[in-house]
Amino acid sequence: MFDIFRAYGLAFAISGFKANPETQILDKGYVYYIDIIEGCTSKNPDPELFADTDNWINAFGKEKTRKDAKKKPTKVACEELLSKEYDKILSLYRQMDFFPRIGNSIKDGETLYQTIDISASKGFREEKAGTTYHDGSQLFVDKYSWVLACLGRVFFGAQINCGGRNKGYILTIVPNPCKVLLHEQRQIQRDLSLSGLCVFSPNGTLVHYAIKLYLLLSKSRHNIQYDTVLFNSLRKTGQKPKPSGGGKYSLFLLERFSKSNSGSKILEELDRELELSSVKGFRQNIGFALTDFLLRPTLQNFRTYERLYILGQINESNQFSTWEKEQWEEIIKNVEVT
């Protein structure tokens with residue numbers, strides 16, 4: 001996720017809000033490639049990147065400032081660094097052999113936040129079991145890679161906050177850019193509505209987000225290609241959130257649905273069912289079964305979902321519409337038989 005946010009951040013640092021010059025992000029497998037399609041890079045970054053504080057607060061929270069504080073708030077530090085060393089950052093990232101410096105001790109380095117990459121969490125990197133408890137050490141990255149990752153996190157990462165302070169989870173999601181025009185990606189983010197997103201579990205939220213994303217793509221003319229959605233999950237505790245998990249969800253199945261004749265109806269029905277699953281009880285049980293199937297489309301998971309859905313039609317017919325034969329056939333085509 002750190003690499004994806006750097007790719008989005010670099011492209012946005014070049015293009016700015018006006019998409020001038022226009023940039024495209026390509027996933028080459030071993031590297032993210034930023035292609036300037038039209039125009040030339042400017043001498044200074046877009047000042048609008050730091051004009052609105054809401055995006056920064058949503059990403060990093062309200063950071064308290066003290067007169068004697070040694071460290072500046074993330075937004076202030078990013079603005080100063082990008083403004084002063086913009087040319088150097090672009091020069092570094094033009095070098096094919098440049099690689100970010102990551103470690104426990106990096107000169108002029110910045111802390112890699114767990115909301116940017118879950119692998120930066122102390123509990124994930126170090127064993128802390130023993131007679132003496134310790135908080136673990138910070139993970140640092142070079143400041144040039146850090147500022148781009150922060151930009152990508154602020155403007156291209158979706159954050160879903162579920163539950164109160166001591167209960168629930170925080171999920172950070174970002175689609176992997178196989179082939180993405182930056183201005184189209186920004187438009188997709190503006191058009192993507194997360195209202196009604198199911199929040200009964202991080203997995204359910206992840207799957208529902210992916211469905212809404214592909215529903216939007218199937219109805220738009222954007223030539224955007226994703227292959228996976230990456231996620232970080234943090235569990236809320238009495239103090240600071242703790243790392244819960246992370247990984248990537250393949251979009252292969254949803255892409256297959258979106259390209260079939262009845263695929264858009266399938267996606268719409270899946271979206272509706274997951275919205276209904278916010279209510280505890282029978283409908284939420286169906287939501288859990290549907291999530292398991294979409295994460296692992298095996299025959300066993302399909303049968304579990306199918307059985308619960310049929311019972312839902314019998315018990316709550318006004319909430320569960322009848323699937324058409326061609327829709328069932330399309331789903332069954334993609335069931336894995338093991």
# chains A, B, ... in the order shown; residues from 1 in each chain; ligands from 1
call {"tool": "residues_around", "arguments": {"residues": "segment 144-155 of chain A", "least_positions_apart": "3", "cutoff": "9 Å", "atoms": "only C-alpha atoms", "output": "ChimeraX atom specification"}}
result
/A:2-13,49,55-60,74-75,77-79,81-82,85,88-89,92,99-101,109-112,115-116,140-141,158,174,186
call {"tool": "select_by_dssp", "arguments": {"residues": "segment 117-317 of chain A", "states": "strand (DSSP E)", "output": "VMD selection string"}}
result
chain A and resid 140 to 142 158 to 162 169 to 181 225 to 235 242 to 250
call {"tool": "residues_around", "arguments": {"residues": "segment 221-226 of chain A", "least_positions_apart": "3", "cutoff": "10 Å", "atoms": "only C-alpha atoms", "output": "list in words"}}
result
Leu26, Asp27, Pro175, Asn176, Pro177, Cys178, Lys179, Val180, Leu181, Leu182, Glu184, Gln185, Gln187, Ile188, Tyr214, Leu216, Leu217, Ser218, Val229, Ser250, Leu251, Phe252 and Glu255 of chain A
call {"tool": "atom_distance", "arguments": {"atom1": "atom CA of Pro202 of chain A", "atom2": "atom CA of Tyr169 of chain A"}}
result
7.3 Å
call {"tool": "atom_distance", "arguments": {"atom1": "atom CA of Gln313 of chain A", "atom2": "atom CA of Leu274 of chain A"}}
result
15.3 Å
